[in-house]
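upload02.cif follows (mmCIF, C-alpha atoms):
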data_entry
#
loop_
_atom_site.label_atom_id
_atom_site.label_comp_id
_atom_site.auth_asym_id
_atom_site.auth_seq_id
_atom_site.Cartn_x
_atom_site.Cartn_y
_atom_site.Cartn_z
CA THR A 1 -11.01 9.83 -1.75
CA GLN A 2 -10.19 6.56 -3.52
CA LEU A 3 -9.66 7.04 -7.25
CA LEU A 4 -9.37 3.32 -7.89
CA GLU A 5 -12.55 1.30 -7.59
CA GLN A 6 -12.29 -2.30 -6.51
CA SER A 7 -15.08 -4.82 -6.67
CA PRO A 8 -16.45 -6.71 -4.97
CA GLN A 9 -15.76 -5.24 -1.55
CA PHE A 10 -16.24 -8.58 0.15
CA LEU A 11 -16.21 -12.16 -1.12
CA SER A 12 -16.91 -15.32 0.85
CA ILE A 13 -16.49 -18.58 -1.06
CA GLN A 14 -15.93 -22.30 -0.50
CA GLU A 15 -12.56 -23.95 -0.94
CA GLY A 16 -12.07 -25.03 -4.54
CA GLU A 17 -14.16 -22.29 -6.14
CA ASN A 18 -12.83 -19.73 -8.62
CA LEU A 19 -13.09 -15.96 -8.21
CA THR A 20 -12.25 -12.70 -9.93
CA VAL A 21 -11.52 -9.32 -8.36
CA TYR A 22 -11.68 -6.13 -10.42
CA CYS A 23 -9.86 -2.81 -10.25
CA ASN A 24 -11.11 0.10 -12.39
CA SER A 25 -10.32 3.74 -12.99
CA SER A 26 -11.08 6.44 -15.54
CA SER A 27 -7.39 7.40 -15.72
CA VAL A 28 -4.41 5.73 -17.37
CA PHE A 29 -1.75 4.01 -15.26
CA SER A 30 1.91 3.72 -16.08
CA SER A 31 2.00 0.63 -13.85
CA LEU A 32 -0.31 -1.26 -11.52
CA GLN A 33 0.41 -3.50 -8.59
CA TRP A 34 -1.60 -6.10 -6.68
CA TYR A 35 -0.97 -6.68 -2.99
CA ARG A 36 -2.25 -9.12 -0.39
CA GLN A 37 -2.55 -8.01 3.21
CA GLU A 38 -3.25 -10.02 6.35
CA PRO A 39 -4.65 -8.44 9.54
CA GLY A 40 -2.05 -6.40 11.42
CA GLU A 41 0.55 -6.79 8.68
CA GLY A 42 1.76 -4.65 5.83
CA PRO A 43 0.70 -5.35 2.22
CA VAL A 44 2.81 -7.91 0.36
CA LEU A 45 3.51 -7.25 -3.31
CA LEU A 46 2.15 -10.01 -5.57
CA VAL A 47 2.74 -8.65 -9.06
CA THR A 48 3.44 -5.53 -11.13
CA VAL A 49 1.98 -5.05 -14.62
CA VAL A 50 3.09 -2.30 -16.96
CA THR A 51 2.03 -3.17 -20.52
CA GLY A 52 -1.55 -2.85 -21.78
CA GLY A 53 -3.04 -6.31 -22.30
CA GLU A 54 -0.34 -7.95 -20.19
CA VAL A 55 -1.21 -11.21 -18.43
CA LYS A 56 0.91 -12.61 -15.60
CA LYS A 57 0.45 -15.90 -13.78
CA LEU A 58 1.61 -16.71 -10.28
CA LYS A 59 0.65 -20.34 -9.53
CA ARG A 60 -3.17 -20.25 -9.17
CA LEU A 61 -3.33 -16.44 -9.54
CA THR A 62 -3.75 -14.76 -12.93
CA PHE A 63 -3.37 -11.00 -13.29
CA GLN A 64 -4.48 -9.04 -16.33
CA PHE A 65 -3.87 -5.40 -17.26
CA GLY A 66 -6.47 -3.82 -19.53
CA ASP A 67 -5.50 -2.84 -23.07
CA ALA A 68 -6.02 0.86 -22.24
CA ARG A 69 -4.14 0.52 -18.94
CA LYS A 70 -7.17 1.78 -16.97
CA ASP A 71 -8.26 -1.46 -15.37
CA SER A 72 -6.99 -4.76 -14.05
CA SER A 73 -8.28 -8.06 -12.75
CA LEU A 74 -7.07 -10.79 -10.43
CA HIS A 75 -8.40 -14.31 -10.96
CA ILE A 76 -7.84 -17.08 -8.44
CA THR A 77 -8.39 -20.69 -9.47
CA ALA A 78 -9.36 -23.34 -6.93
CA ALA A 79 -9.21 -21.01 -3.95
CA GLN A 80 -7.74 -22.31 -0.71
CA PRO A 81 -8.21 -21.12 2.90
CA GLY A 82 -4.65 -19.75 2.77
CA ASP A 83 -5.80 -17.28 0.11
CA THR A 84 -7.92 -15.50 2.72
CA GLY A 85 -6.93 -11.85 3.12
CA LEU A 86 -7.35 -8.31 1.84
CA TYR A 87 -6.43 -7.87 -1.82
CA LEU A 88 -5.40 -4.37 -2.84
CA CYS A 89 -4.72 -2.90 -6.23
CA ALA A 90 -2.52 0.17 -6.47
CA GLY A 91 -1.61 2.22 -9.52
CA VAL A 92 0.86 4.86 -10.53
CA TRP A 93 -0.81 7.46 -12.74
CA GLU A 94 0.80 8.28 -16.03
CA TYR A 95 3.45 10.94 -15.30
CA GLY A 96 3.02 10.31 -11.55
CA ASN A 97 5.46 8.93 -9.00
CA LYS A 98 3.28 7.71 -6.14
CA LEU A 99 0.96 4.77 -5.57
CA VAL A 100 -2.79 5.27 -5.28
CA PHE A 101 -4.64 2.40 -3.64
CA GLY A 102 -8.10 1.02 -4.05
CA ALA A 103 -10.20 0.27 -0.95
CA GLY A 104 -9.50 -3.44 -1.25
CA THR A 105 -11.43 -6.70 -1.54
CA ILE A 106 -11.77 -8.85 1.57
CA LEU A 107 -11.61 -12.51 0.55
CA ARG A 108 -12.65 -15.31 2.87
CA VAL A 109 -12.20 -18.89 1.72
CA LYS A 110 -14.02 -21.45 3.84
CA SER A 111 -12.86 -25.06 4.12
CA ASP B 1 17.94 -10.58 4.68
CA ALA B 2 16.68 -7.25 6.00
CA GLY B 3 13.34 -6.17 4.63
CA VAL B 4 11.59 -2.96 5.62
CA THR B 5 11.65 -2.49 9.37
CA GLN B 6 9.35 -0.20 11.28
CA SER B 7 9.32 0.76 14.94
CA PRO B 8 7.51 0.63 17.19
CA THR B 9 4.99 -2.02 16.14
CA HIS B 10 2.30 -0.75 18.49
CA LEU B 11 1.80 2.55 20.24
CA ILE B 12 -0.85 4.09 22.46
CA LYS B 13 -0.92 7.87 22.82
CA THR B 14 -3.24 10.44 24.37
CA ARG B 15 -4.96 13.21 22.43
CA GLY B 16 -2.70 16.24 22.05
CA GLN B 17 0.54 14.29 22.33
CA HIS B 18 3.03 13.88 19.52
CA VAL B 19 4.48 10.70 18.06
CA THR B 20 7.53 9.71 16.02
CA LEU B 21 7.48 6.60 13.86
CA ARG B 22 10.62 5.16 12.32
CA CYS B 23 11.41 3.20 9.19
CA SER B 24 14.49 1.56 7.71
CA PRO B 25 14.19 0.77 4.00
CA ILE B 26 15.61 -2.15 2.10
CA SER B 27 19.34 -1.78 1.55
CA GLY B 28 19.97 0.06 -1.71
CA HIS B 29 16.53 1.69 -1.86
CA LYS B 30 16.67 5.47 -1.79
CA SER B 31 12.95 6.23 -1.83
CA VAL B 32 10.62 5.91 1.14
CA SER B 33 6.92 6.66 1.34
CA TRP B 34 4.53 6.81 4.28
CA TYR B 35 0.91 5.70 4.19
CA GLN B 36 -1.99 5.80 6.65
CA GLN B 37 -4.45 2.93 6.63
CA VAL B 38 -7.64 3.15 8.64
CA LEU B 39 -9.81 0.11 9.20
CA GLY B 40 -11.72 -0.92 6.12
CA GLN B 41 -9.82 1.28 3.68
CA GLY B 42 -6.79 1.05 1.46
CA PRO B 43 -3.59 2.90 2.41
CA GLN B 44 -3.63 6.67 1.89
CA PHE B 45 -0.45 8.40 0.72
CA ILE B 46 1.11 10.82 3.22
CA PHE B 47 4.68 11.58 2.08
CA GLN B 48 7.36 10.42 -0.33
CA TYR B 49 11.06 11.10 0.18
CA TYR B 50 13.86 10.47 -2.27
CA GLU B 51 17.49 11.20 -1.56
CA LYS B 52 16.47 13.12 1.59
CA GLU B 53 14.20 15.47 -0.34
CA GLU B 54 10.41 15.56 -0.10
CA ARG B 55 9.09 14.41 -3.45
CA GLY B 56 5.39 14.30 -2.74
CA ARG B 57 2.82 15.10 -0.08
CA GLY B 58 -0.69 13.79 0.27
CA ASN B 59 -3.76 15.56 1.58
CA PHE B 60 -2.81 15.57 5.26
CA PRO B 61 -2.65 18.52 7.69
CA ASP B 62 0.56 20.26 8.69
CA ARG B 63 0.55 18.28 11.93
CA PHE B 64 2.11 15.54 9.85
CA SER B 65 5.77 15.92 8.93
CA ALA B 66 8.58 13.62 7.89
CA ARG B 67 12.24 13.54 7.05
CA GLN B 68 14.79 11.19 5.53
CA PHE B 69 18.30 10.73 6.81
CA PRO B 70 21.60 10.22 4.92
CA ASN B 71 21.30 6.44 5.43
CA TYR B 72 17.82 6.65 3.78
CA SER B 73 15.95 5.76 6.97
CA SER B 74 12.96 7.94 7.68
CA GLU B 75 10.81 9.33 10.47
CA LEU B 76 7.16 10.33 10.42
CA ASN B 77 6.10 12.84 13.05
CA VAL B 78 2.55 13.66 14.03
CA ASN B 79 1.82 16.54 16.43
CA ALA B 80 -1.31 17.35 18.42
CA LEU B 81 -2.74 13.87 17.99
CA LEU B 82 -6.44 13.46 17.37
CA LEU B 83 -8.60 10.40 17.89
CA GLY B 84 -8.95 10.20 14.11
CA ASP B 85 -5.20 9.68 13.74
CA SER B 86 -5.65 6.14 15.06
CA ALA B 87 -4.57 3.90 12.20
CA LEU B 88 -1.94 1.55 10.83
CA TYR B 89 0.99 3.61 9.56
CA LEU B 90 2.90 1.92 6.78
CA CYS B 91 6.32 2.66 5.43
CA ALA B 92 7.16 1.62 1.88
CA SER B 93 10.65 1.13 0.51
CA GLU B 94 10.52 1.88 -3.19
CA THR B 95 12.33 1.11 -6.41
CA ALA B 96 11.65 3.23 -9.45
CA ASN B 97 12.70 2.04 -12.88
CA THR B 98 11.96 3.84 -16.12
CA ASN B 99 8.37 2.68 -16.36
CA LYS B 100 7.32 1.27 -13.02
CA LEU B 101 7.43 1.94 -9.31
CA GLU B 102 7.35 -0.96 -6.85
CA ALA B 103 6.73 -0.57 -3.15
CA PHE B 104 7.72 -3.04 -0.45
CA PHE B 105 6.01 -2.48 2.87
CA GLY B 106 7.01 -2.94 6.47
CA GLN B 107 4.68 -4.57 8.98
CA GLY B 108 3.40 -1.16 10.03
CA THR B 109 2.98 0.72 13.29
CA ARG B 110 -0.44 0.42 14.89
CA LEU B 111 -1.16 3.80 16.52
CA THR B 112 -4.05 4.11 18.93
CA VAL B 113 -4.99 7.57 20.19
CA VAL B 114 -7.16 7.63 23.31
#

Now that the file is in, can you turn its structure into structure tokens?
Amino acid sequence: TQLLEQSPQFLSIQEGENLTVYCNSSSVFSSLQWYRQEPGEGPVLLVTVVTGGEVKKLKRLTFQFGDARKDSSLHITAAQPGDTGLYLCAGVWEYGNKLVFGAGTILRVKS
Amino acid sequence: DAGVTQSPTHLIKTRGQHVTLRCSPISGHKSVSWYQQVLGQGPQFIFQYYEKEERGRGNFPDRFSARQFPNYSSELNVNALLLGDSALYLCASETANTNKLEAFFGQGTRLTVV
């Protein structure tokens, strides 16, 4: 059972468009991570957010942690075909010590 | 620069057999976790080991077991394999600071049970 809800499940867009992926839960996280995974490979850590309201930027990617630390978003500006992949959010519950993953968002960027 | 290494990368087993998967964490990392990822889903937590002690166990049957060695490498064992055990098995090498846990994954072992 996935306790983190990601949306949308699948996104197919043209090169140059912007997109946002969401990660939501009813519980509070002590920290939340975003990963990108390509077929047949392990997830690659993109960012970790720990403070409510925190915003982190990684080139064309912007990550935001909700004020209440229950939700997060990933925004990609001017998507490129190289951004194609599975984007996963994973959180550590408050007082927990393990990662819980969402089901992921499959992103396809067409040239 | 040694990241997380897993072996083997691919494996085909028959129902009822057992399998051992291996993982070497990043140098200096003392915590290792195992995850199962089936097609179309996010990774599901199986075990976490820290300093050779089991620190957490997910909702998996007793056919799944693991251990961590003095050099912090780890093995995941699965007995009496079922078709439903076919998945990508991921090992994560973890750092845990006061307020965050970060996991760095290996490339995974693709297990196919026939």

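Run against this file, the PyMOL selection byres ((chain B and resi 56-62) around 9) gives back Asn97 and Lys98 of chain A; Ser33, Gln44, Phe45, Ile46, Phe47, Gln48, Tyr49, Glu54, Arg55, Arg63, Phe64, Ser65, Val78 and Asn79 of chain B.
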
field: At most 6 Å to chain A: residues in chain B, only C-alpha atoms, as a ChimeraX atom specification
entry: /B:41-42,100,105-108

message: Suppose a student applies the PyMOL selection byres ((chain A and resi 72) around 7) to this structure; what residues should they get, written as JSON, numbers by chain?
response: {"A": [22, 23, 24, 64, 65, 66, 71, 73]}

task: Could you tell me which residues the PyMOL selection byres ((chain B and resi 36) around 8) returns for this structure, as a VMD selection string?
output: chain B and resid 34 to 35 37 to 38 43 to 46 87 to 90

query: If you measure from atom CA of Cys23 of chain B to atom CA of Gln6 of chain A, what distance in Å do you get, rounded to one decimal?
result: 29.0 Å

Please write out, as lines of an AutoDock Vina configuration file, where the centre of an axis-aligned box around all listed atoms of segment 43-51 of chain B lies and how long its edges are, in Å to one decimal, after adding 6 Å on each side.
center_x = 6.9
center_y = 7.2
center_z = 0.5
size_x = 33.1
size_y = 20.7
size_z = 17.5

Which of B:Arg22, B:Arg15, B:Arg110, B:His29 sits closest to Ser74 of chain B [using only C-alpha atoms]: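 Nearest candidate to Ser74 of chain B out of B:Arg22, B:Arg15, B:Arg110, B:His29: B:Arg22.
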
Is it possible to add all heavy atoms to segment 37-48 of chain A and hand it back as a compact mmCIF listing (two decimals), keeping the file's coordinate frame?
# COMPACT_ATOMS: atom_id res chain seq x y z
N GLN A 37 -2.83 -8.46 1.86
CA GLN A 37 -2.55 -8.01 3.21
C GLN A 37 -3.32 -8.85 4.22
O GLN A 37 -4.51 -9.08 4.06
CB GLN A 37 -2.94 -6.53 3.38
CG GLN A 37 -2.58 -5.93 4.72
CD GLN A 37 -2.94 -4.46 4.81
OE1 GLN A 37 -3.81 -3.97 4.09
NE2 GLN A 37 -2.27 -3.72 5.70
N GLU A 38 -2.61 -9.29 5.26
CA GLU A 38 -3.25 -10.02 6.35
C GLU A 38 -3.42 -9.07 7.53
O GLU A 38 -2.71 -8.07 7.64
CB GLU A 38 -2.42 -11.23 6.72
CG GLU A 38 -2.30 -12.23 5.58
CD GLU A 38 -1.82 -13.59 6.04
OE1 GLU A 38 -2.17 -14.02 7.15
OE2 GLU A 38 -1.05 -14.21 5.28
N PRO A 39 -4.38 -9.35 8.41
CA PRO A 39 -4.65 -8.44 9.54
C PRO A 39 -3.41 -8.13 10.35
O PRO A 39 -2.65 -9.02 10.71
CB PRO A 39 -5.67 -9.24 10.37
CG PRO A 39 -6.35 -10.12 9.38
CD PRO A 39 -5.29 -10.50 8.39
N GLY A 40 -3.18 -6.82 10.60
CA GLY A 40 -2.05 -6.40 11.42
C GLY A 40 -0.71 -6.42 10.73
O GLY A 40 0.32 -6.15 11.36
N GLU A 41 -0.71 -6.73 9.43
CA GLU A 41 0.55 -6.79 8.68
C GLU A 41 0.52 -5.77 7.55
O GLU A 41 -0.52 -5.24 7.20
CB GLU A 41 0.75 -8.19 8.09
CG GLU A 41 0.80 -9.30 9.12
CD GLU A 41 2.06 -9.24 9.96
OE1 GLU A 41 3.11 -8.81 9.44
OE2 GLU A 41 1.99 -9.62 11.16
N GLY A 42 1.70 -5.51 6.99
CA GLY A 42 1.76 -4.65 5.83
C GLY A 42 1.40 -5.40 4.56
O GLY A 42 1.46 -6.63 4.52
N PRO A 43 1.01 -4.69 3.50
CA PRO A 43 0.70 -5.35 2.22
C PRO A 43 1.94 -6.02 1.64
O PRO A 43 3.04 -5.48 1.74
CB PRO A 43 0.23 -4.20 1.34
CG PRO A 43 -0.13 -3.09 2.27
CD PRO A 43 0.77 -3.24 3.44
N VAL A 44 1.73 -7.18 1.01
CA VAL A 44 2.81 -7.91 0.36
C VAL A 44 2.59 -7.85 -1.14
O VAL A 44 1.52 -8.20 -1.64
CB VAL A 44 2.86 -9.37 0.84
CG1 VAL A 44 3.92 -10.15 0.06
CG2 VAL A 44 3.15 -9.44 2.34
N LEU A 45 3.61 -7.39 -1.86
CA LEU A 45 3.51 -7.25 -3.31
C LEU A 45 3.39 -8.62 -3.98
O LEU A 45 4.20 -9.51 -3.75
CB LEU A 45 4.74 -6.52 -3.85
CG LEU A 45 4.83 -6.31 -5.35
CD1 LEU A 45 3.69 -5.40 -5.84
CD2 LEU A 45 6.18 -5.71 -5.74
N LEU A 46 2.34 -8.77 -4.82
CA LEU A 46 2.15 -10.01 -5.57
C LEU A 46 2.69 -9.89 -6.99
O LEU A 46 3.38 -10.79 -7.48
CB LEU A 46 0.66 -10.36 -5.63
CG LEU A 46 -0.03 -10.64 -4.30
CD1 LEU A 46 -1.53 -10.84 -4.51
CD2 LEU A 46 0.57 -11.86 -3.63
N VAL A 47 2.37 -8.78 -7.65
CA VAL A 47 2.74 -8.65 -9.06
C VAL A 47 2.71 -7.18 -9.46
O VAL A 47 1.99 -6.38 -8.85
CB VAL A 47 1.78 -9.47 -9.95
CG1 VAL A 47 0.45 -8.74 -10.11
CG2 VAL A 47 2.38 -9.77 -11.31
N THR A 48 3.48 -6.85 -10.49
CA THR A 48 3.44 -5.53 -11.13
C THR A 48 3.19 -5.74 -12.61
O THR A 48 3.86 -6.56 -13.24
CB THR A 48 4.76 -4.78 -10.92
OG1 THR A 48 5.00 -4.60 -9.53
CG2 THR A 48 4.71 -3.41 -11.59
